[in-house]
Every structure is written in structure tokens, then in C-alpha cells.
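One file, final-v6.txt, carrying compact mmCIF, C-alpha atoms:
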# COMPACT_ATOMS: atom_id res chain seq x y z
CA MET A 140 -67.55 -37.56 -11.93
CA LYS A 141 -70.75 -37.72 -13.94
CA LYS A 142 -71.08 -33.90 -14.09
CA THR A 143 -67.45 -33.58 -15.17
CA LEU A 144 -67.92 -36.08 -17.98
CA ILE A 145 -71.10 -34.36 -19.14
CA LEU A 146 -69.39 -30.95 -19.23
CA ILE A 147 -66.39 -32.25 -21.14
CA LEU A 148 -68.65 -34.16 -23.51
CA ALA A 149 -70.73 -31.07 -24.15
CA ALA A 150 -67.60 -29.11 -25.04
CA ILE A 151 -66.44 -31.81 -27.40
CA LEU A 152 -69.81 -31.95 -29.14
CA LEU A 153 -70.06 -28.15 -29.33
CA PHE A 154 -66.76 -27.86 -31.14
CA GLY A 155 -67.15 -30.96 -33.27
CA GLY A 156 -64.41 -32.88 -31.46
CA ILE A 157 -61.56 -30.79 -32.87
CA GLN A 158 -60.60 -28.62 -29.91
CA THR A 159 -57.22 -29.16 -28.30
CA ALA A 160 -57.81 -31.42 -25.32
CA ALA A 161 -54.51 -32.51 -23.81
CA ALA A 162 -54.34 -36.31 -23.52
CA GLU A 163 -52.69 -36.07 -20.12
CA ASN A 164 -55.76 -34.32 -18.68
CA ILE A 165 -58.22 -37.12 -19.41
CA PRO A 166 -58.82 -40.39 -17.53
CA SER A 167 -56.76 -43.48 -18.32
CA LEU A 168 -58.75 -46.37 -19.77
CA LYS A 169 -56.15 -48.90 -18.71
CA GLU A 170 -56.47 -47.68 -15.13
CA ILE A 171 -60.27 -47.62 -15.22
CA TYR A 172 -60.39 -51.28 -16.31
CA ALA A 173 -57.28 -52.51 -14.50
CA GLU A 174 -59.23 -54.69 -12.07
CA LYS A 175 -61.43 -56.12 -14.84
CA PHE A 176 -59.28 -56.80 -17.91
CA ASP A 177 -56.60 -55.25 -20.07
CA PHE A 178 -57.68 -52.35 -22.24
CA GLY A 179 -55.59 -52.00 -25.37
CA ALA A 180 -55.28 -51.06 -29.00
CA ALA A 181 -53.79 -52.07 -32.29
CA ALA A 182 -50.98 -49.78 -33.37
CA PRO A 183 -49.30 -49.32 -36.75
CA GLN A 184 -45.58 -48.81 -37.16
CA ALA A 185 -46.15 -45.10 -37.84
CA ALA A 186 -47.43 -44.59 -34.28
CA PHE A 187 -43.89 -44.97 -32.96
CA MET A 188 -42.60 -42.10 -35.04
CA ASN A 189 -44.90 -39.57 -33.35
CA THR A 190 -44.52 -38.33 -29.77
CA GLU A 191 -48.22 -37.53 -29.45
CA THR A 192 -49.40 -41.02 -30.32
CA MET A 193 -46.71 -42.57 -28.14
CA ASP A 194 -47.87 -40.44 -25.21
CA LEU A 195 -51.44 -41.52 -25.93
CA ILE A 196 -50.44 -45.19 -25.83
CA ARG A 197 -48.53 -44.81 -22.57
CA LYS A 198 -51.48 -43.14 -20.91
CA GLN A 199 -54.36 -45.23 -22.19
CA PHE A 200 -53.38 -48.82 -23.04
CA SER A 201 -52.02 -51.83 -21.15
CA ILE A 202 -51.71 -54.13 -24.17
CA LEU A 203 -50.85 -53.57 -27.84
CA THR A 204 -51.37 -55.53 -31.04
CA PRO A 205 -49.24 -54.76 -34.10
CA GLU A 206 -51.69 -53.92 -36.88
CA ASN A 207 -49.61 -55.70 -39.53
CA GLU A 208 -46.05 -56.22 -38.39
CA LEU A 209 -46.37 -59.76 -36.97
CA LYS A 210 -48.44 -61.11 -39.84
CA PRO A 211 -46.77 -63.81 -41.98
CA ASN A 212 -45.92 -61.50 -44.87
CA PHE A 213 -43.99 -59.24 -42.50
CA VAL A 214 -42.05 -61.82 -40.46
CA ILE A 215 -41.13 -64.42 -43.09
CA ASP A 216 -37.84 -63.60 -44.78
CA TRP A 217 -38.81 -64.62 -48.27
CA ALA A 218 -35.45 -64.20 -49.99
CA GLU A 219 -33.56 -66.02 -47.23
CA SER A 220 -36.11 -68.82 -47.13
CA ARG A 221 -35.73 -69.38 -50.89
CA ARG A 222 -31.96 -69.36 -50.56
CA ILE A 223 -31.91 -71.93 -47.77
CA VAL A 224 -34.26 -74.29 -49.58
CA LYS A 225 -32.25 -74.00 -52.79
CA GLU A 226 -28.93 -74.70 -51.07
CA SER A 227 -30.10 -77.37 -48.62
CA GLY A 228 -32.90 -79.04 -50.52
CA ASP A 229 -34.98 -78.92 -47.32
CA GLU A 230 -38.45 -77.81 -48.39
CA THR A 231 -39.52 -77.28 -44.79
CA ALA A 232 -36.99 -74.51 -44.11
CA VAL A 233 -38.26 -71.06 -43.10
CA ALA A 234 -36.31 -67.93 -42.17
CA VAL A 235 -37.95 -65.19 -40.11
CA HIS A 236 -37.16 -61.68 -38.87
CA LEU A 237 -38.77 -58.99 -36.72
CA ASP A 238 -37.66 -55.92 -38.67
CA SER A 239 -41.10 -54.32 -39.04
CA ALA A 240 -42.24 -55.16 -35.52
CA VAL A 241 -39.18 -53.83 -33.67
CA PRO A 242 -40.54 -50.28 -33.06
CA LEU A 243 -43.65 -51.61 -31.32
CA LEU A 244 -41.82 -54.38 -29.47
CA ASP A 245 -39.11 -52.03 -28.22
CA PHE A 246 -41.67 -49.44 -27.12
CA ALA A 247 -43.79 -52.03 -25.32
CA LYS A 248 -40.75 -53.47 -23.55
CA GLU A 249 -39.53 -50.04 -22.45
CA ASN A 250 -42.94 -48.99 -21.15
CA GLY A 251 -44.12 -52.20 -19.48
CA ILE A 252 -46.94 -52.81 -21.98
CA LYS A 253 -48.04 -56.32 -22.92
CA VAL A 254 -48.19 -57.48 -26.55
CA HIS A 255 -50.81 -59.65 -28.22
CA GLY A 256 -49.44 -61.38 -31.32
CA HIS A 257 -51.42 -61.18 -34.54
CA VAL A 258 -51.37 -63.55 -36.43
CA LEU A 259 -49.61 -66.89 -37.07
CA VAL A 260 -51.90 -68.51 -39.67
CA TRP A 261 -54.14 -66.52 -42.00
CA HIS A 262 -55.23 -67.13 -45.57
CA ILE A 263 -54.65 -63.42 -46.24
CA GLU A 264 -51.27 -61.72 -45.73
CA THR A 265 -49.46 -64.96 -46.55
CA GLN A 266 -47.80 -64.90 -49.94
CA ASP A 267 -48.75 -67.78 -52.21
CA GLU A 268 -45.14 -68.83 -52.55
CA PHE A 269 -45.21 -70.09 -48.95
CA PHE A 270 -47.23 -73.08 -50.16
CA HIS A 271 -45.04 -74.02 -53.14
CA GLU A 272 -41.87 -76.03 -53.56
CA GLY A 273 -38.82 -73.80 -53.46
CA TYR A 274 -41.02 -70.81 -52.57
CA ASP A 275 -41.70 -70.64 -56.30
CA THR A 276 -45.31 -70.14 -57.43
CA SER A 277 -44.52 -71.82 -60.78
CA ALA A 278 -43.56 -75.02 -58.91
CA PRO A 279 -46.01 -77.58 -57.48
CA LEU A 280 -47.72 -77.08 -54.14
CA LEU A 281 -46.11 -78.78 -51.17
CA ASP A 282 -47.64 -82.04 -49.99
CA ARG A 283 -49.19 -82.34 -46.51
CA VAL A 284 -46.06 -83.67 -44.80
CA LYS A 285 -43.76 -80.97 -46.16
CA MET A 286 -46.31 -78.23 -45.57
CA LEU A 287 -46.71 -79.28 -41.95
CA GLY A 288 -42.92 -79.27 -41.65
CA ARG A 289 -42.76 -75.76 -43.05
CA LEU A 290 -45.54 -74.62 -40.71
CA GLU A 291 -43.70 -76.13 -37.74
CA ASN A 292 -40.41 -74.48 -38.62
CA TYR A 293 -42.12 -71.14 -39.17
CA ILE A 294 -43.83 -71.20 -35.78
CA ARG A 295 -40.76 -72.52 -33.96
CA GLU A 296 -38.38 -69.98 -35.51
CA LEU A 297 -40.70 -67.07 -34.76
CA MET A 298 -41.36 -68.12 -31.18
CA ASP A 299 -37.66 -68.71 -30.54
CA LEU A 300 -36.69 -65.33 -31.98
CA LEU A 301 -39.28 -63.47 -29.93
CA ASN A 302 -38.41 -65.37 -26.77
CA THR A 303 -34.72 -64.63 -27.26
CA ARG A 304 -35.07 -60.93 -27.95
CA TYR A 305 -38.24 -60.09 -26.01
CA PRO A 306 -38.77 -62.78 -23.36
CA GLY A 307 -42.20 -62.63 -21.74
CA LEU A 308 -43.38 -59.67 -23.80
CA VAL A 309 -45.88 -61.43 -26.10
CA VAL A 310 -48.47 -62.82 -23.69
CA SER A 311 -50.99 -64.16 -26.22
CA TRP A 312 -51.45 -65.00 -29.90
CA ASP A 313 -54.12 -65.16 -32.55
CA VAL A 314 -53.00 -68.58 -33.78
CA VAL A 315 -55.51 -68.78 -36.65
CA ASN A 316 -57.54 -65.93 -38.10
CA GLU A 317 -60.82 -66.00 -40.05
CA ALA A 318 -60.87 -69.68 -40.99
CA ILE A 319 -64.68 -69.93 -41.22
CA ASP A 320 -66.21 -69.03 -44.58
CA ASP A 321 -69.03 -66.47 -44.63
CA GLY A 322 -71.12 -68.38 -47.14
CA SER A 323 -70.83 -72.04 -46.22
CA HIS A 324 -70.00 -71.43 -42.54
CA THR A 325 -67.46 -74.23 -42.82
CA LEU A 326 -63.69 -74.04 -43.25
CA ARG A 327 -62.52 -71.79 -46.06
CA LYS A 328 -61.04 -73.67 -48.99
CA SER A 329 -57.80 -71.74 -48.63
CA ARG A 330 -54.22 -72.72 -49.46
CA TRP A 331 -53.92 -73.97 -45.90
CA TYR A 332 -56.89 -76.26 -46.43
CA GLU A 333 -55.62 -77.32 -49.84
CA THR A 334 -52.10 -78.24 -48.74
CA VAL A 335 -52.51 -79.46 -45.16
CA GLY A 336 -56.12 -80.62 -45.10
CA GLU A 337 -59.23 -80.01 -43.06
CA ASP A 338 -57.35 -80.31 -39.77
CA TYR A 339 -54.92 -77.47 -40.49
CA VAL A 340 -56.41 -75.30 -37.75
CA GLU A 341 -55.94 -78.02 -35.15
CA ARG A 342 -52.37 -78.63 -36.31
CA ALA A 343 -51.56 -74.92 -36.11
CA PHE A 344 -52.75 -74.82 -32.50
CA GLU A 345 -50.84 -77.99 -31.69
CA LEU A 346 -47.62 -76.45 -32.98
CA ALA A 347 -48.26 -73.09 -31.33
CA ARG A 348 -48.76 -74.84 -28.00
CA LYS A 349 -45.58 -76.85 -28.57
CA TYR A 350 -43.34 -73.83 -29.16
CA ALA A 351 -45.00 -70.88 -27.40
CA PRO A 352 -43.51 -70.04 -24.00
CA ASP A 353 -45.36 -71.49 -21.02
CA GLY A 354 -48.34 -69.37 -20.07
CA THR A 355 -48.89 -67.89 -23.54
CA LEU A 356 -52.63 -67.73 -24.28
CA LEU A 357 -53.70 -69.08 -27.67
CA TYR A 358 -56.77 -67.67 -29.43
CA TYR A 359 -58.88 -68.35 -32.48
CA ASN A 360 -59.95 -64.99 -33.96
CA ASP A 361 -62.84 -64.22 -36.34
CA TYR A 362 -65.39 -61.64 -37.44
CA ASN A 363 -69.20 -61.59 -37.89
CA THR A 364 -69.58 -63.77 -34.80
CA ALA A 365 -72.96 -62.17 -34.13
CA TYR A 366 -74.54 -63.67 -37.25
CA PRO A 367 -76.20 -67.04 -36.53
CA GLY A 368 -74.76 -69.03 -39.46
CA LYS A 369 -71.21 -67.83 -38.89
CA LEU A 370 -71.59 -68.33 -35.15
CA LYS A 371 -72.62 -71.95 -35.67
CA GLY A 372 -69.54 -72.64 -37.80
CA ILE A 373 -67.26 -70.93 -35.28
CA LEU A 374 -68.70 -72.92 -32.38
CA GLN A 375 -68.21 -76.18 -34.27
CA LEU A 376 -64.56 -75.30 -34.88
CA LEU A 377 -64.05 -74.28 -31.25
CA GLU A 378 -65.47 -77.63 -30.13
CA LYS A 379 -62.88 -79.48 -32.23
CA LEU A 380 -60.08 -77.31 -30.91
CA GLN A 381 -61.17 -77.75 -27.30
CA ALA A 382 -61.21 -81.51 -27.76
CA GLU A 383 -57.45 -81.38 -28.45
CA GLY A 384 -56.80 -79.05 -25.52
CA ASN A 385 -54.58 -76.48 -27.23
CA ILE A 386 -56.87 -73.44 -27.34
CA ASP A 387 -57.34 -70.93 -24.53
CA GLY A 388 -59.77 -68.40 -25.91
CA TYR A 389 -61.80 -66.75 -28.65
CA GLY A 390 -61.21 -63.29 -30.11
CA PHE A 391 -64.25 -61.30 -31.24
CA GLN A 392 -63.47 -59.00 -34.13
CA MET A 393 -66.04 -56.26 -33.67
CA HIS A 394 -65.68 -54.07 -36.73
CA HIS A 395 -69.22 -52.78 -36.36
CA ARG A 396 -71.49 -49.92 -37.28
CA VAL A 397 -74.01 -48.15 -35.11
CA LEU A 398 -76.96 -50.35 -36.06
CA GLU A 399 -75.20 -53.44 -37.35
CA PRO A 400 -75.17 -55.92 -35.80
CA GLY A 401 -77.88 -55.31 -33.22
CA MET A 402 -76.94 -55.67 -29.59
CA SER A 403 -79.32 -58.61 -29.08
CA MET A 404 -77.41 -60.56 -31.75
CA LEU A 405 -74.08 -59.58 -30.25
CA ARG A 406 -75.25 -60.51 -26.78
CA ASN A 407 -76.38 -63.94 -27.97
CA ALA A 408 -73.00 -64.53 -29.64
CA VAL A 409 -70.96 -63.57 -26.58
CA LYS A 410 -73.20 -65.74 -24.40
CA ALA A 411 -72.79 -68.73 -26.72
CA VAL A 412 -68.99 -68.46 -26.91
CA ALA A 413 -68.73 -67.82 -23.18
CA ALA A 414 -70.68 -71.03 -22.57
CA THR A 415 -67.75 -73.00 -24.03
CA GLY A 416 -65.70 -71.95 -21.02
CA LEU A 417 -63.01 -70.35 -23.19
CA LYS A 418 -61.42 -67.04 -22.32
CA LEU A 419 -62.84 -64.07 -24.24
CA ARG A 420 -61.27 -61.02 -25.78
CA VAL A 421 -62.59 -58.23 -27.97
CA SER A 422 -59.65 -58.24 -30.33
CA GLU A 423 -60.58 -55.64 -32.94
CA LEU A 424 -63.17 -53.08 -31.85
CA ASP A 425 -64.28 -50.07 -33.87
CA VAL A 426 -67.66 -48.54 -34.72
CA GLY A 427 -68.17 -46.79 -38.03
CA ILE A 428 -70.52 -43.85 -38.60
CA LYS A 429 -71.78 -42.16 -41.75
CA LYS A 430 -70.76 -38.57 -41.02
CA ASN A 431 -68.79 -36.65 -38.40
CA THR A 432 -71.86 -34.99 -36.88
CA GLU A 433 -72.96 -34.56 -33.28
CA GLU A 434 -75.86 -36.96 -33.78
CA GLN A 435 -73.65 -39.65 -35.29
CA PHE A 436 -71.02 -39.28 -32.56
CA LYS A 437 -73.75 -39.75 -29.93
CA LYS A 438 -74.94 -42.94 -31.59
CA GLN A 439 -71.38 -44.18 -31.90
CA ALA A 440 -70.76 -43.52 -28.22
CA LYS A 441 -73.92 -45.43 -27.30
CA LYS A 442 -72.75 -48.47 -29.27
CA TYR A 443 -69.35 -48.38 -27.57
CA ALA A 444 -71.05 -48.12 -24.17
CA ASP A 445 -73.30 -51.05 -24.99
CA VAL A 446 -70.33 -53.21 -26.02
CA MET A 447 -68.39 -52.32 -22.88
CA ASN A 448 -71.37 -53.02 -20.63
CA LEU A 449 -71.78 -56.40 -22.32
CA MET A 450 -68.15 -57.36 -21.80
CA LEU A 451 -68.25 -56.16 -18.20
CA GLU A 452 -70.92 -58.82 -17.61
CA TYR A 453 -68.25 -61.35 -18.59
CA ALA A 454 -65.33 -59.59 -16.93
CA ASP A 455 -64.25 -62.72 -15.05
CA GLN A 456 -63.85 -64.54 -18.38
CA THR A 457 -62.49 -61.63 -20.45
CA GLU A 458 -58.76 -61.10 -20.88
CA ALA A 459 -58.82 -57.88 -22.90
CA VAL A 460 -60.80 -55.37 -24.90
CA GLN A 461 -58.77 -53.77 -27.70
CA VAL A 462 -59.79 -51.07 -30.15
CA TRP A 463 -58.43 -51.52 -33.65
CA GLY A 464 -56.34 -48.39 -33.97
CA LEU A 465 -55.36 -45.25 -32.11
CA THR A 466 -57.02 -42.32 -33.88
CA ASP A 467 -59.52 -41.84 -36.68
CA GLY A 468 -56.78 -40.51 -38.91
CA MET A 469 -54.73 -43.70 -38.52
CA SER A 470 -57.65 -46.11 -38.94
CA TYR A 471 -58.12 -48.27 -42.04
CA ARG A 472 -61.76 -47.11 -41.75
CA LYS A 473 -60.80 -43.43 -41.41
CA TYR A 474 -63.74 -42.22 -43.52
CA GLU A 475 -66.12 -43.77 -40.98
CA TYR A 476 -64.52 -42.01 -37.96
CA PRO A 477 -64.58 -45.30 -36.01
CA LEU A 478 -62.30 -44.83 -32.99
CA LEU A 479 -62.14 -43.19 -29.57
CA PHE A 480 -59.84 -40.32 -30.57
CA ASP A 481 -60.06 -37.97 -33.53
CA ALA A 482 -57.20 -37.39 -35.95
CA SER A 483 -55.65 -34.86 -33.55
CA CYS A 484 -55.66 -37.30 -30.61
CA ASN A 485 -58.58 -35.52 -28.95
CA PRO A 486 -61.10 -37.72 -27.09
CA LYS A 487 -64.46 -38.15 -28.78
CA PRO A 488 -67.82 -38.87 -27.13
CA ALA A 489 -67.02 -42.56 -27.67
CA PHE A 490 -64.01 -42.19 -25.36
CA TRP A 491 -66.17 -40.90 -22.53
CA ALA A 492 -68.70 -43.66 -23.16
CA VAL A 493 -65.96 -46.24 -22.72
CA ALA A 494 -64.52 -44.44 -19.71
CA ASP A 495 -67.92 -44.62 -17.96
CA PRO A 496 -70.37 -46.80 -19.93
CA SER A 497 -72.85 -46.91 -17.08
CA GLN A 498 -73.46 -43.16 -17.32
CA ALA A 499 -73.19 -42.46 -21.03
CA PHE A 500 -76.28 -41.62 -23.06
CA GLU A 501 -78.88 -43.20 -20.81

Give the structure from the file, written as C-alpha cells.
Amino acid sequence: MKKTLILILAAILLFGGIQTAAAENIPSLKEIYAEKFDFGAAAPQAAFMNTETMDLIRKQFSILTPENELKPNFVIDWAESRRIVKESGDETAVAVHLDSAVPLLDFAKENGIKVHGHVLVWHIETQDEFFHEGYDTSAPLLDRVKMLGRLENYIRELMDLLNTRYPGLVVSWDVVNEAIDDGSHTLRKSRWYETVGEDYVERAFELARKYAPDGTLLYYNDYNTAYPGKLKGILQLLEKLQAEGNIDGYGFQMHHRVLEPGMSMLRNAVKAVAATGLKLRVSELDVGIKKNTEEQFKKQAKKYADVMNLMLEYADQTEAVQVWGLTDGMSYRKYEYPLLFDASCNPKPAFWAVADPSQAFE
């Protein structure tokens, strides 16, 4: 196995990763990690308009996250919500739909792939009108009671719709995303904070637990966990959430570069979060490089291998590792070549490092 990987890797490096390597002739990451944890990816809507990327997903991944299509801006029906509030006078009313997410949800259902929901509550990708009376930004902000009512109706309607159309498909959710501020390492002073108050994260988890189907895992998700100040703020928030009993796990966004953060920092962060007893997931993994050169691809592969070896140490506590995207060409960081497959769906050295992290680049 090791010789085979080395030969294939050498060919990839020799040709700069652009030769035609058929996806069906390479190992399956979901099968390699099947006894440890799910291995998955985030996928944009465009992936389900292309047979090559759909074949790649079927072969490689056991769980999918919609890149955007389950975020608040995409599932809230803004026009219908305004209409209902205007006609009924009920400021807590929310209408939702799944229009953008249907391609991924249908594909996952048809192919027996799990879905991780991303994200219920986020200060970004939530239009400001959600926090105002009548969904009108020129009107006053909602008070705490009405905002909590709107949050409850939003979560209930979305959970009910998904459970009706795709029962059992969405196995976990990022309930709240990126609530800890990078500067103060306390809660961001977002619209959520302004309208609901400093317990908005706890209330979001309470409502998600109330309406999510039994067995759905609920995560808090954030980035820069490896940095001590941010880590401290995250751990303080997790402690509050655990006290109420509605959180199941923590999602590590790992949008990293080759040298940043260092593995010692990342190891300390994973150890600290694991010590809480929560489930772990790498929710958003990619590793940026400066140029598409052989040297940079080797360093990228080494970082991927190091991350995978770290998470394998916590395999009993880890639910999933998911890369954030399918190919370099479809990545939001495309100019940093951050993923396991190049723009033509060919495996890069990073793929082989993930496939066998114990042997890669010793």
C-alpha cells in the first residue's frame, strides 16, 4: 500500500497535479475512516449540476454540509414573512422554504449520505430585517420577548419542514456559529445580542433541542480555536451551554495555512475542548498555500496529515471530519489551492496524506 501511494504521489507531483486520474480508481476516504468517524465535505449547489463532482461525492464522503443553502438568508422566505406579519399583526411569524437546499438534500437522500445542517443562528448571513418590526429596517428593533418568539417560530418551522420532507436525513446542526468576538473574546455585540440579550446562545440551543428530532446532535461552531484568547472565550461559553444540557458537541473550523496555526497550538485546543466531554467534529477543514508548486503541495499534505493524526487520537470522541469544499476550483479560497482535489477533480498530495496520514511525508 505504501509503495502504491508513493508511486501515485510521485506521478501527481511530476505533472503538477493536473493529469487525468479517474476518481473511481483511488481509495475512498469514507471507507478508510468508516470505523473511526464520518468523513465528509461541504458542497455548493453547483456541485449537483455536474456528474463528475457528484461521482466524487458518492465515492468519497459519508456526510455533507450545504455551503450556504441552509443558512438563514437562504431558508427564510422574506417576502412571505413580511406578508404574514402585515396581515396577522403577529411579529413572531416566520415563513421558511428549502428551495436552495433541495439539490443537496435530494442527492443525499438518494445516495444514503448524511447531512450536517449549517447554520441556525449566525450574525452573518441573516438579513437585518429579521430583527425589526414588520421585517422593515426602518422600523424599531423587536424587543426580547418578540425576538425570542420569532427565533422559536423560525427554528420550529425549519425543523418541521425538514422532518416532513426529509425525515432522518439531517443528523446534526451547527446551532450557533462564531458567537465569540476575536478582540474581546466575549460574546459579539451582534443583533442577536442586542435584541435577545447575553443569553441568546443558550436560548437558541434550548429551542433547537425542543424542536430537533430525537437524536439530532447540536453543535457550537467557531474558528481560531487554537489561539489562547479565543479558546478561553469559547470554553467559557461551552461551560454555560453544558450547564443547561442542550449542547452535544463543538465544531472546529480549521481554515488554516501551512504554518498557521502551529500544530502545538492546535493540539492544545483540541485537548482542552475534548476535556469538556463534548463530542468533536472538524467542521470546516482546508489548508491554504501560497503557490501551486511541488514544495507547497508537500507542505500542505503534511499539515493535512498532522490534523488527521491529531483527530485520530480522539477518534472515540469525534463524530466527523469535513473538508470545506470539493475541489480547489469550487473553493472560496481557490487562489490558495486549499483542498484535496484540484479543479479537475484529480487527487492532490493532500488527498494521499489524508488517505494514509501515518505514512505521508515522514

Report task. For each of A:Thr192, A:Pro486, A:Lys430, A:Ala413, take the minimum atom-to-atom distance to A:Ala454, counting only C-alpha atoms, then give the residue where this is smallest. Result ->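 Checking each candidate against A:Ala454, we get A:Ala413 as the closest.
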
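With all atoms listed in the file as the atoms that count, the minimum distance from A:Ala343 to the choices A:His271, A:Tyr362, A:Lys418, A:Val260 is reached by A:Val260.
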
Query raised in the report: Any idea what's packed within 8 Å of stretch 277-283 of chain A, counting all atoms listed in the file, ignoring anything in its chain fewer than 3 positions away? Could you give it as a ChimeraX atom specification?
Result: /A:270-273,286-287,334-336

Query - Selection near A:Ser403, 12 Å with only C-alpha atoms, sequence-local residues under 6 positions removed, as a PyMOL selection string - result: chain A and resi 365-367+409-410+445-446+449

**Report entry** Distance criterion (all atoms listed in the file): nearest to A:Ile215 out of A:Glu264, A:Lys169, A:His255, A:Glu249
**Finding:** A:Glu264

Requested in this report: Please identify all polymer residues within 7 Å of stretch 321-324 of chain A, counting only C-alpha atoms, omitting same-chain residues fewer than 4 positions from it, and present them as a ChimeraX atom specification.
Outcome: /A:368-369,372

Report task. Skip A:Lys442 itself and residues of its chain fewer than 2 positions away, then list as a PyMOL selection string all residues within 12 Å of it, counting all atoms listed in the file. Result -> chain A and resi 393-402+405+424-428+435-440+444-449+477-479+488-490+492-493+496+499-501

Requested in this report: Excluding A:Tyr358 and residues on its chain fewer than 3 positions from it, collect all residues at most 6 Å away from it, counting only C-alpha atoms, and give them as JSON, numbers by chain.
Outcome: {"A": [312, 313, 314, 387, 388, 389]}
